[in-house]
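For reference, my_file03.cif is printed below; it contains mmCIF, N, CA and C atoms.
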```cif
data_final
loop_
_atom_site.label_atom_id
_atom_site.label_comp_id
_atom_site.auth_asym_id
_atom_site.auth_seq_id
_atom_site.Cartn_x
_atom_site.Cartn_y
_atom_site.Cartn_z
N MET A 30 -9.65 12.59 3.61
CA MET A 30 -11.05 12.67 3.24
C MET A 30 -11.87 12.27 4.47
N THR A 31 -12.87 13.05 4.77
CA THR A 31 -13.66 12.78 5.97
C THR A 31 -14.62 11.63 5.74
N SER A 32 -15.02 11.02 6.85
CA SER A 32 -15.95 9.89 6.74
C SER A 32 -17.31 10.37 6.22
N ASP A 33 -17.65 11.65 6.40
CA ASP A 33 -18.90 12.18 5.85
C ASP A 33 -18.91 12.09 4.32
N ARG A 34 -17.78 12.36 3.71
CA ARG A 34 -17.68 12.31 2.25
C ARG A 34 -17.70 10.87 1.74
N LEU A 35 -17.40 9.93 2.62
CA LEU A 35 -17.38 8.52 2.22
C LEU A 35 -18.67 7.79 2.55
N ARG A 36 -19.62 8.51 3.14
CA ARG A 36 -20.88 7.88 3.53
C ARG A 36 -21.46 7.10 2.36
N GLY A 37 -21.84 5.89 2.60
CA GLY A 37 -22.39 5.03 1.56
C GLY A 37 -21.35 4.20 0.85
N HIS A 38 -20.07 4.52 1.07
CA HIS A 38 -19.00 3.80 0.39
C HIS A 38 -18.13 3.01 1.35
N VAL A 39 -18.28 3.24 2.64
CA VAL A 39 -17.43 2.57 3.63
C VAL A 39 -17.58 1.06 3.55
N ASP A 40 -18.80 0.57 3.42
CA ASP A 40 -19.02 -0.88 3.34
C ASP A 40 -18.24 -1.49 2.17
N LEU A 41 -18.32 -0.85 1.02
CA LEU A 41 -17.63 -1.35 -0.17
C LEU A 41 -16.11 -1.32 0.05
N LEU A 42 -15.60 -0.28 0.68
CA LEU A 42 -14.17 -0.20 0.96
C LEU A 42 -13.73 -1.32 1.90
N LEU A 43 -14.53 -1.58 2.92
CA LEU A 43 -14.19 -2.65 3.87
C LEU A 43 -14.23 -4.02 3.20
N LEU A 44 -15.24 -4.26 2.39
CA LEU A 44 -15.31 -5.54 1.67
C LEU A 44 -14.08 -5.71 0.78
N SER A 45 -13.67 -4.65 0.13
CA SER A 45 -12.50 -4.71 -0.73
C SER A 45 -11.23 -5.00 0.07
N ALA A 46 -11.10 -4.37 1.22
CA ALA A 46 -9.92 -4.59 2.07
C ALA A 46 -9.86 -6.03 2.57
N LEU A 47 -11.02 -6.64 2.77
CA LEU A 47 -11.07 -8.02 3.26
C LEU A 47 -10.92 -9.06 2.15
N GLU A 48 -10.89 -8.61 0.93
CA GLU A 48 -10.79 -9.54 -0.20
C GLU A 48 -9.46 -10.29 -0.20
N THR A 49 -8.40 -9.65 0.25
CA THR A 49 -7.08 -10.25 0.16
C THR A 49 -6.56 -10.82 1.47
N GLU A 50 -7.16 -10.41 2.60
CA GLU A 50 -6.68 -10.91 3.89
C GLU A 50 -7.75 -10.77 4.96
N GLU A 51 -7.72 -11.69 5.90
CA GLU A 51 -8.53 -11.54 7.10
C GLU A 51 -7.89 -10.43 7.91
N ALA A 52 -8.69 -9.68 8.65
CA ALA A 52 -8.10 -8.58 9.42
C ALA A 52 -9.01 -8.17 10.56
N HIS A 53 -8.39 -7.60 11.59
CA HIS A 53 -9.15 -7.00 12.68
C HIS A 53 -9.43 -5.55 12.29
N GLY A 54 -10.31 -4.91 13.02
CA GLY A 54 -10.77 -3.57 12.67
C GLY A 54 -9.67 -2.56 12.47
N TYR A 55 -8.73 -2.49 13.41
CA TYR A 55 -7.67 -1.50 13.28
C TYR A 55 -6.81 -1.77 12.04
N ARG A 56 -6.58 -3.03 11.73
CA ARG A 56 -5.81 -3.37 10.53
C ARG A 56 -6.53 -2.90 9.27
N LEU A 57 -7.86 -3.01 9.28
CA LEU A 57 -8.63 -2.54 8.13
C LEU A 57 -8.47 -1.04 7.95
N VAL A 58 -8.46 -0.30 9.06
CA VAL A 58 -8.22 1.15 8.99
C VAL A 58 -6.86 1.41 8.35
N GLU A 59 -5.85 0.65 8.77
CA GLU A 59 -4.50 0.81 8.20
C GLU A 59 -4.46 0.48 6.72
N VAL A 60 -5.12 -0.61 6.33
CA VAL A 60 -5.13 -1.03 4.92
C VAL A 60 -5.74 0.06 4.05
N LEU A 61 -6.87 0.60 4.47
CA LEU A 61 -7.53 1.63 3.68
C LEU A 61 -6.68 2.90 3.61
N ARG A 62 -6.03 3.24 4.70
CA ARG A 62 -5.14 4.41 4.71
C ARG A 62 -3.97 4.19 3.76
N GLU A 63 -3.37 2.99 3.82
CA GLU A 63 -2.22 2.68 2.96
C GLU A 63 -2.61 2.67 1.48
N ARG A 64 -3.69 1.97 1.16
CA ARG A 64 -4.10 1.86 -0.25
C ARG A 64 -4.49 3.20 -0.85
N SER A 65 -4.99 4.11 -0.03
CA SER A 65 -5.44 5.41 -0.53
C SER A 65 -4.39 6.50 -0.35
N ASN A 66 -3.17 6.11 0.03
CA ASN A 66 -2.11 7.09 0.29
C ASN A 66 -2.54 8.14 1.31
N GLY A 67 -3.26 7.69 2.31
CA GLY A 67 -3.66 8.56 3.41
C GLY A 67 -4.98 9.29 3.22
N ALA A 68 -5.59 9.19 2.06
CA ALA A 68 -6.84 9.90 1.81
C ALA A 68 -8.00 9.34 2.64
N PHE A 69 -8.01 8.03 2.84
CA PHE A 69 -9.07 7.40 3.62
C PHE A 69 -8.51 7.03 4.99
N ASP A 70 -8.61 7.95 5.90
CA ASP A 70 -8.14 7.75 7.28
C ASP A 70 -9.37 7.72 8.17
N LEU A 71 -10.01 6.57 8.22
CA LEU A 71 -11.30 6.44 8.89
C LEU A 71 -11.15 6.25 10.39
N PRO A 72 -11.99 6.92 11.16
CA PRO A 72 -11.98 6.66 12.61
C PRO A 72 -12.59 5.29 12.89
N GLU A 73 -12.09 4.64 13.94
CA GLU A 73 -12.61 3.32 14.29
C GLU A 73 -14.11 3.39 14.57
N GLY A 74 -14.58 4.52 15.03
CA GLY A 74 -16.00 4.70 15.30
C GLY A 74 -16.86 4.63 14.04
N THR A 75 -16.25 4.76 12.89
CA THR A 75 -16.95 4.59 11.62
C THR A 75 -16.85 3.14 11.15
N VAL A 76 -15.70 2.54 11.36
CA VAL A 76 -15.43 1.20 10.84
C VAL A 76 -16.22 0.12 11.58
N TYR A 77 -16.20 0.16 12.90
CA TYR A 77 -16.83 -0.93 13.66
C TYR A 77 -18.34 -1.04 13.44
N PRO A 78 -19.10 0.05 13.44
CA PRO A 78 -20.54 -0.10 13.14
C PRO A 78 -20.77 -0.71 11.75
N SER A 79 -19.93 -0.34 10.80
CA SER A 79 -20.06 -0.92 9.46
C SER A 79 -19.74 -2.41 9.47
N LEU A 80 -18.70 -2.80 10.19
CA LEU A 80 -18.36 -4.22 10.29
C LEU A 80 -19.48 -5.02 10.94
N TYR A 81 -20.07 -4.47 11.99
CA TYR A 81 -21.18 -5.17 12.67
C TYR A 81 -22.37 -5.33 11.72
N ARG A 82 -22.65 -4.29 10.93
CA ARG A 82 -23.75 -4.35 9.97
C ARG A 82 -23.44 -5.37 8.87
N LEU A 83 -22.20 -5.35 8.37
CA LEU A 83 -21.80 -6.32 7.33
C LEU A 83 -21.90 -7.75 7.84
N GLU A 84 -21.55 -7.95 9.11
CA GLU A 84 -21.65 -9.29 9.69
C GLU A 84 -23.11 -9.69 9.87
N ARG A 85 -23.92 -8.77 10.31
CA ARG A 85 -25.34 -9.05 10.47
C ARG A 85 -25.99 -9.44 9.14
N ASP A 86 -25.49 -8.84 8.05
CA ASP A 86 -26.01 -9.12 6.71
C ASP A 86 -25.30 -10.30 6.04
N SER A 87 -24.45 -11.00 6.78
CA SER A 87 -23.71 -12.18 6.31
C SER A 87 -22.75 -11.87 5.17
N LEU A 88 -22.27 -10.65 5.10
CA LEU A 88 -21.30 -10.28 4.08
C LEU A 88 -19.87 -10.50 4.57
N VAL A 89 -19.70 -10.48 5.89
CA VAL A 89 -18.43 -10.85 6.52
C VAL A 89 -18.75 -11.78 7.68
N ALA A 90 -17.76 -12.54 8.07
CA ALA A 90 -17.86 -13.40 9.25
C ALA A 90 -16.68 -13.05 10.14
N SER A 91 -16.80 -13.38 11.43
CA SER A 91 -15.70 -13.05 12.33
C SER A 91 -15.43 -14.20 13.30
N ARG A 92 -14.26 -14.12 13.89
CA ARG A 92 -13.88 -15.07 14.93
C ARG A 92 -12.97 -14.32 15.88
N TRP A 93 -12.88 -14.83 17.11
CA TRP A 93 -11.99 -14.24 18.10
C TRP A 93 -10.61 -14.86 17.97
N GLU A 94 -9.59 -14.03 18.13
CA GLU A 94 -8.21 -14.47 18.06
C GLU A 94 -7.47 -13.86 19.25
N ARG A 95 -6.52 -14.59 19.79
CA ARG A 95 -5.73 -14.08 20.91
C ARG A 95 -4.31 -13.81 20.41
N VAL A 96 -3.86 -12.57 20.60
CA VAL A 96 -2.51 -12.16 20.20
C VAL A 96 -1.88 -11.44 21.37
N ASP A 97 -0.72 -11.94 21.81
CA ASP A 97 -0.01 -11.35 22.95
C ASP A 97 -0.93 -11.20 24.16
N GLY A 98 -1.77 -12.20 24.38
CA GLY A 98 -2.66 -12.20 25.53
C GLY A 98 -3.91 -11.35 25.38
N ARG A 99 -4.05 -10.67 24.26
CA ARG A 99 -5.22 -9.82 24.03
C ARG A 99 -6.13 -10.46 22.99
N ARG A 100 -7.43 -10.37 23.25
CA ARG A 100 -8.40 -10.89 22.29
C ARG A 100 -8.77 -9.79 21.30
N ARG A 101 -8.92 -10.22 20.05
CA ARG A 101 -9.41 -9.28 19.03
C ARG A 101 -10.25 -10.06 18.04
N ARG A 102 -11.21 -9.38 17.47
CA ARG A 102 -12.10 -10.00 16.50
C ARG A 102 -11.50 -9.83 15.10
N VAL A 103 -11.40 -10.94 14.39
CA VAL A 103 -10.84 -10.94 13.04
C VAL A 103 -11.97 -11.21 12.06
N TYR A 104 -12.03 -10.41 11.02
CA TYR A 104 -13.10 -10.49 10.03
C TYR A 104 -12.58 -11.10 8.73
N ARG A 105 -13.49 -11.78 8.03
CA ARG A 105 -13.17 -12.32 6.71
C ARG A 105 -14.38 -12.13 5.80
N LEU A 106 -14.11 -12.07 4.52
CA LEU A 106 -15.15 -11.91 3.52
C LEU A 106 -15.86 -13.25 3.31
N THR A 107 -17.18 -13.23 3.23
CA THR A 107 -17.94 -14.45 2.92
C THR A 107 -18.21 -14.50 1.42
N ARG A 108 -18.74 -15.62 0.95
CA ARG A 108 -19.11 -15.71 -0.47
C ARG A 108 -20.14 -14.64 -0.83
N ARG A 109 -21.08 -14.47 0.06
CA ARG A 109 -22.10 -13.44 -0.18
C ARG A 109 -21.46 -12.05 -0.22
N GLY A 110 -20.46 -11.82 0.64
CA GLY A 110 -19.73 -10.56 0.64
C GLY A 110 -18.94 -10.36 -0.65
N ALA A 111 -18.33 -11.43 -1.15
CA ALA A 111 -17.58 -11.35 -2.40
C ALA A 111 -18.51 -11.00 -3.56
N ALA A 112 -19.70 -11.58 -3.55
CA ALA A 112 -20.69 -11.27 -4.60
C ALA A 112 -21.12 -9.81 -4.50
N ARG A 113 -21.35 -9.32 -3.28
CA ARG A 113 -21.74 -7.92 -3.09
C ARG A 113 -20.60 -7.00 -3.52
N LEU A 114 -19.36 -7.38 -3.24
CA LEU A 114 -18.21 -6.59 -3.66
C LEU A 114 -18.15 -6.50 -5.18
N ALA A 115 -18.35 -7.61 -5.87
CA ALA A 115 -18.33 -7.62 -7.33
C ALA A 115 -19.44 -6.72 -7.88
N GLN A 116 -20.60 -6.79 -7.27
CA GLN A 116 -21.73 -5.95 -7.68
C GLN A 116 -21.40 -4.48 -7.44
N GLY A 117 -20.81 -4.18 -6.30
CA GLY A 117 -20.45 -2.81 -5.96
C GLY A 117 -19.39 -2.25 -6.89
N ARG A 118 -18.43 -3.07 -7.26
CA ARG A 118 -17.39 -2.63 -8.20
C ARG A 118 -18.01 -2.30 -9.56
N ALA A 119 -18.88 -3.17 -10.02
CA ALA A 119 -19.52 -2.94 -11.32
C ALA A 119 -20.34 -1.66 -11.29
N SER A 120 -21.07 -1.46 -10.23
CA SER A 120 -21.88 -0.25 -10.08
C SER A 120 -20.99 1.00 -10.02
N TRP A 121 -19.88 0.89 -9.27
CA TRP A 121 -18.96 2.02 -9.17
C TRP A 121 -18.34 2.36 -10.52
N ARG A 122 -17.95 1.35 -11.28
CA ARG A 122 -17.34 1.59 -12.60
C ARG A 122 -18.34 2.26 -13.54
N GLU A 123 -19.58 1.83 -13.48
CA GLU A 123 -20.61 2.44 -14.32
C GLU A 123 -20.81 3.90 -13.92
N PHE A 124 -20.91 4.18 -12.63
CA PHE A 124 -21.08 5.53 -12.13
C PHE A 124 -19.87 6.40 -12.49
N SER A 125 -18.68 5.87 -12.26
CA SER A 125 -17.45 6.61 -12.54
C SER A 125 -17.32 6.94 -14.02
N SER A 126 -17.67 5.99 -14.86
CA SER A 126 -17.61 6.20 -16.30
C SER A 126 -18.58 7.29 -16.74
N ALA A 127 -19.77 7.28 -16.17
CA ALA A 127 -20.77 8.30 -16.50
C ALA A 127 -20.30 9.67 -16.02
N MET A 128 -19.72 9.74 -14.82
CA MET A 128 -19.21 11.02 -14.30
C MET A 128 -18.08 11.53 -15.19
N ASP A 129 -17.16 10.63 -15.59
CA ASP A 129 -16.06 11.02 -16.47
C ASP A 129 -16.59 11.58 -17.78
N ALA A 130 -17.62 10.94 -18.32
CA ALA A 130 -18.20 11.40 -19.59
C ALA A 130 -18.78 12.79 -19.46
N VAL A 131 -19.41 13.08 -18.35
CA VAL A 131 -20.03 14.39 -18.15
C VAL A 131 -18.98 15.46 -17.84
N LEU A 132 -18.01 15.11 -17.02
CA LEU A 132 -17.02 16.09 -16.57
C LEU A 132 -15.89 16.33 -17.57
N ALA A 133 -15.72 15.43 -18.51
CA ALA A 133 -14.58 15.55 -19.46
C ALA A 133 -14.72 16.72 -20.40
#
```
Give the structure from this file in structure tokens form.
Amino acid sequence: MTSDRLRGHVDLLLLSALETEEAHGYRLVEVLRERSNGAFDLPEGTVYPSLYRLERDSLVASRWERVDGRRRRVYRLTRRGAARLAQGRASWREFSSAMDAVLA
């Protein structure tokens, strides 16, 4: 699925991926690809601007970590991010239920 089709949903997907583990950007791409059985194969150029925006909005926080001599930024979900994720899930379920009712 292309990132164009996911526009508006990438933030919610990233928040969900961070719910269970802290992760760096590339790991988040892997998590979304794995959870979606390859349907969500996002380019890093889509993920990083979203992460920067989520951090600016205090929905995620980050820290630098050194692994094998290389620095990478690791992101984690904040309380505010967890609340936004819960709100997004509820909104998605309502939307999905309405779509199912119309399309059934």
task: Give me, please, the distance in Å between atom CA of A:Ala90 and atom CA of A:Arg56, quoted to one decimal.
output: 15.7 Å
Contacts of stretch 47-52 of chain A at 7 Å or less, counting all atoms listed in the file, minus same-chain residues fewer than 3 places along, as a short mmCIF file (atom, residue, chain, number, x, y, z; two decimals) with N, CA and C atoms, in the coordinates of the input?
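Output file selection.cif is given in full below:
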```
data_model
loop_
_atom_site.label_atom_id
_atom_site.label_comp_id
_atom_site.auth_asym_id
_atom_site.auth_seq_id
_atom_site.Cartn_x
_atom_site.Cartn_y
_atom_site.Cartn_z
N LEU A 42 -15.60 -0.28 0.68
CA LEU A 42 -14.17 -0.20 0.96
C LEU A 42 -13.73 -1.32 1.90
N LEU A 43 -14.53 -1.58 2.92
CA LEU A 43 -14.19 -2.65 3.87
C LEU A 43 -14.23 -4.02 3.20
N LEU A 44 -15.24 -4.26 2.39
CA LEU A 44 -15.31 -5.54 1.67
C LEU A 44 -14.08 -5.71 0.78
N TYR A 55 -8.73 -2.49 13.41
CA TYR A 55 -7.67 -1.50 13.28
C TYR A 55 -6.81 -1.77 12.04
N ARG A 56 -6.58 -3.03 11.73
CA ARG A 56 -5.81 -3.37 10.53
C ARG A 56 -6.53 -2.90 9.27
N LEU A 57 -7.86 -3.01 9.28
CA LEU A 57 -8.63 -2.54 8.13
C LEU A 57 -8.47 -1.04 7.95
N ARG A 102 -11.21 -9.38 17.47
CA ARG A 102 -12.10 -10.00 16.50
C ARG A 102 -11.50 -9.83 15.10
N VAL A 103 -11.40 -10.94 14.39
CA VAL A 103 -10.84 -10.94 13.04
C VAL A 103 -11.97 -11.21 12.06
N TYR A 104 -12.03 -10.41 11.02
CA TYR A 104 -13.10 -10.49 10.03
C TYR A 104 -12.58 -11.10 8.73
N ARG A 105 -13.49 -11.78 8.03
CA ARG A 105 -13.17 -12.32 6.71
C ARG A 105 -14.38 -12.13 5.80
N LEU A 106 -14.11 -12.07 4.52
CA LEU A 106 -15.15 -11.91 3.52
C LEU A 106 -15.86 -13.25 3.31
#
```
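Shortest separation to A:Leu83 among A:Ser45, A:Arg122, A:Ala127, A:Asp40 occurs at residue A:Asp40, atoms counted being all atoms listed in the file.
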In chain A, DSSP helix (DSSP H, G or I) residues written as a ChimeraX atom specification: /A:39-47,54-64,73-85,108-132
field: Coordinates-based distance that separates atom C of A:Ala68 from atom CA of A:Glu84 (Å, one decimal)
entry: 24.1 Å
task: Evaluate the PyMOL selection byres ((chain A and resi 69) around 8) on the structure here and hand back the selected residues as JSON, numbers by chain.
output: {"A": [30, 31, 32, 58, 59, 60, 61, 62, 63, 64, 65, 66, 67, 68, 70, 71, 72]}
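Atom C of A:Ala111 to atom CA of A:Leu41 spans 10.3 Å [interatomic distance, one decimal].
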- request: Write out as JSON, numbers by chain the residues lying within 7 Å of A:Gly110, counting all atoms listed in the file and excluding same-chain residues fewer than 5 positions away.
  value: {"A": [44, 87, 88, 89, 115]}
query: Nearest to A:Ala46: which of A:Glu123, A:Asp97, A:Leu114, A:Ala133 is it, counting only C-alpha atoms?
result: A:Leu114
- request: Taking the chain letters and numbering used in this document, name the residues of stretch 32-128 of chain A that DSSP puts in strand (DSSP E), as a PyMOL selection string.
  value: chain A and resi 52-53+89-96+99-106
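Counting only N, CA and C atoms and comparing A:Val39, A:His53, A:Thr107, A:Ser126, the residue that lies closest to A:Thr75 is A:Val39.
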Please supply stretch 77-95 of chain A, rebuilt with N, CA, C and O atoms, as a PDB file, in the frame of the given file.
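The new file selection37.pdb reads:
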```
ATOM      1  N   TYR A  77     -16.200   0.160  12.900  1.00  0.00           N
ATOM      2  CA  TYR A  77     -16.830  -0.930  13.660  1.00  0.00           C
ATOM      3  C   TYR A  77     -18.340  -1.040  13.440  1.00  0.00           C
ATOM      4  O   TYR A  77     -18.849  -2.150  13.225  1.00  0.00           O
ATOM      5  N   PRO A  78     -19.100   0.050  13.440  1.00  0.00           N
ATOM      6  CA  PRO A  78     -20.540  -0.100  13.140  1.00  0.00           C
ATOM      7  C   PRO A  78     -20.770  -0.710  11.750  1.00  0.00           C
ATOM      8  O   PRO A  78     -21.680  -1.514  11.569  1.00  0.00           O
ATOM      9  N   SER A  79     -19.930  -0.340  10.800  1.00  0.00           N
ATOM     10  CA  SER A  79     -20.060  -0.920   9.460  1.00  0.00           C
ATOM     11  C   SER A  79     -19.740  -2.410   9.470  1.00  0.00           C
ATOM     12  O   SER A  79     -20.449  -3.200   8.837  1.00  0.00           O
ATOM     13  N   LEU A  80     -18.700  -2.800  10.190  1.00  0.00           N
ATOM     14  CA  LEU A  80     -18.360  -4.220  10.290  1.00  0.00           C
ATOM     15  C   LEU A  80     -19.480  -5.020  10.940  1.00  0.00           C
ATOM     16  O   LEU A  80     -19.818  -6.115  10.496  1.00  0.00           O
ATOM     17  N   TYR A  81     -20.070  -4.470  11.990  1.00  0.00           N
ATOM     18  CA  TYR A  81     -21.180  -5.170  12.670  1.00  0.00           C
ATOM     19  C   TYR A  81     -22.370  -5.330  11.720  1.00  0.00           C
ATOM     20  O   TYR A  81     -22.997  -6.384  11.677  1.00  0.00           O
ATOM     21  N   ARG A  82     -22.650  -4.290  10.930  1.00  0.00           N
ATOM     22  CA  ARG A  82     -23.750  -4.350   9.970  1.00  0.00           C
ATOM     23  C   ARG A  82     -23.440  -5.370   8.870  1.00  0.00           C
ATOM     24  O   ARG A  82     -24.296  -6.172   8.482  1.00  0.00           O
ATOM     25  N   LEU A  83     -22.200  -5.350   8.370  1.00  0.00           N
ATOM     26  CA  LEU A  83     -21.800  -6.320   7.330  1.00  0.00           C
ATOM     27  C   LEU A  83     -21.900  -7.750   7.840  1.00  0.00           C
ATOM     28  O   LEU A  83     -22.310  -8.650   7.109  1.00  0.00           O
ATOM     29  N   GLU A  84     -21.550  -7.950   9.110  1.00  0.00           N
ATOM     30  CA  GLU A  84     -21.650  -9.290   9.690  1.00  0.00           C
ATOM     31  C   GLU A  84     -23.110  -9.690   9.870  1.00  0.00           C
ATOM     32  O   GLU A  84     -23.491 -10.823   9.566  1.00  0.00           O
ATOM     33  N   ARG A  85     -23.920  -8.770  10.310  1.00  0.00           N
ATOM     34  CA  ARG A  85     -25.340  -9.050  10.470  1.00  0.00           C
ATOM     35  C   ARG A  85     -25.990  -9.440   9.140  1.00  0.00           C
ATOM     36  O   ARG A  85     -26.874 -10.278   9.075  1.00  0.00           O
ATOM     37  N   ASP A  86     -25.490  -8.840   8.050  1.00  0.00           N
ATOM     38  CA  ASP A  86     -26.010  -9.120   6.710  1.00  0.00           C
ATOM     39  C   ASP A  86     -25.300 -10.300   6.040  1.00  0.00           C
ATOM     40  O   ASP A  86     -25.504 -10.547   4.847  1.00  0.00           O
ATOM     41  N   SER A  87     -24.450 -11.000   6.780  1.00  0.00           N
ATOM     42  CA  SER A  87     -23.710 -12.180   6.310  1.00  0.00           C
ATOM     43  C   SER A  87     -22.750 -11.870   5.170  1.00  0.00           C
ATOM     44  O   SER A  87     -22.442 -12.751   4.353  1.00  0.00           O
ATOM     45  N   LEU A  88     -22.270 -10.650   5.100  1.00  0.00           N
ATOM     46  CA  LEU A  88     -21.300 -10.280   4.080  1.00  0.00           C
ATOM     47  C   LEU A  88     -19.870 -10.500   4.570  1.00  0.00           C
ATOM     48  O   LEU A  88     -18.946 -10.664   3.777  1.00  0.00           O
ATOM     49  N   VAL A  89     -19.700 -10.480   5.890  1.00  0.00           N
ATOM     50  CA  VAL A  89     -18.430 -10.850   6.520  1.00  0.00           C
ATOM     51  C   VAL A  89     -18.750 -11.780   7.680  1.00  0.00           C
ATOM     52  O   VAL A  89     -19.878 -11.811   8.185  1.00  0.00           O
ATOM     53  N   ALA A  90     -17.760 -12.540   8.070  1.00  0.00           N
ATOM     54  CA  ALA A  90     -17.860 -13.400   9.250  1.00  0.00           C
ATOM     55  C   ALA A  90     -16.680 -13.050  10.140  1.00  0.00           C
ATOM     56  O   ALA A  90     -15.681 -12.501   9.679  1.00  0.00           O
ATOM     57  N   SER A  91     -16.800 -13.380  11.430  1.00  0.00           N
ATOM     58  CA  SER A  91     -15.700 -13.050  12.330  1.00  0.00           C
ATOM     59  C   SER A  91     -15.430 -14.200  13.300  1.00  0.00           C
ATOM     60  O   SER A  91     -16.257 -15.098  13.459  1.00  0.00           O
ATOM     61  N   ARG A  92     -14.260 -14.120  13.890  1.00  0.00           N
ATOM     62  CA  ARG A  92     -13.880 -15.070  14.930  1.00  0.00           C
ATOM     63  C   ARG A  92     -12.970 -14.320  15.880  1.00  0.00           C
ATOM     64  O   ARG A  92     -12.372 -13.302  15.526  1.00  0.00           O
ATOM     65  N   TRP A  93     -12.880 -14.830  17.110  1.00  0.00           N
ATOM     66  CA  TRP A  93     -11.990 -14.240  18.100  1.00  0.00           C
ATOM     67  C   TRP A  93     -10.610 -14.860  17.970  1.00  0.00           C
ATOM     68  O   TRP A  93     -10.482 -16.057  17.724  1.00  0.00           O
ATOM     69  N   GLU A  94      -9.590 -14.030  18.130  1.00  0.00           N
ATOM     70  CA  GLU A  94      -8.210 -14.470  18.060  1.00  0.00           C
ATOM     71  C   GLU A  94      -7.470 -13.860  19.250  1.00  0.00           C
ATOM     72  O   GLU A  94      -7.767 -12.754  19.678  1.00  0.00           O
ATOM     73  N   ARG A  95      -6.520 -14.590  19.790  1.00  0.00           N
ATOM     74  CA  ARG A  95      -5.730 -14.080  20.910  1.00  0.00           C
ATOM     75  C   ARG A  95      -4.310 -13.810  20.410  1.00  0.00           C
ATOM     76  O   ARG A  95      -3.650 -14.684  19.877  1.00  0.00           O
TER      77      ARG A  95
END
```
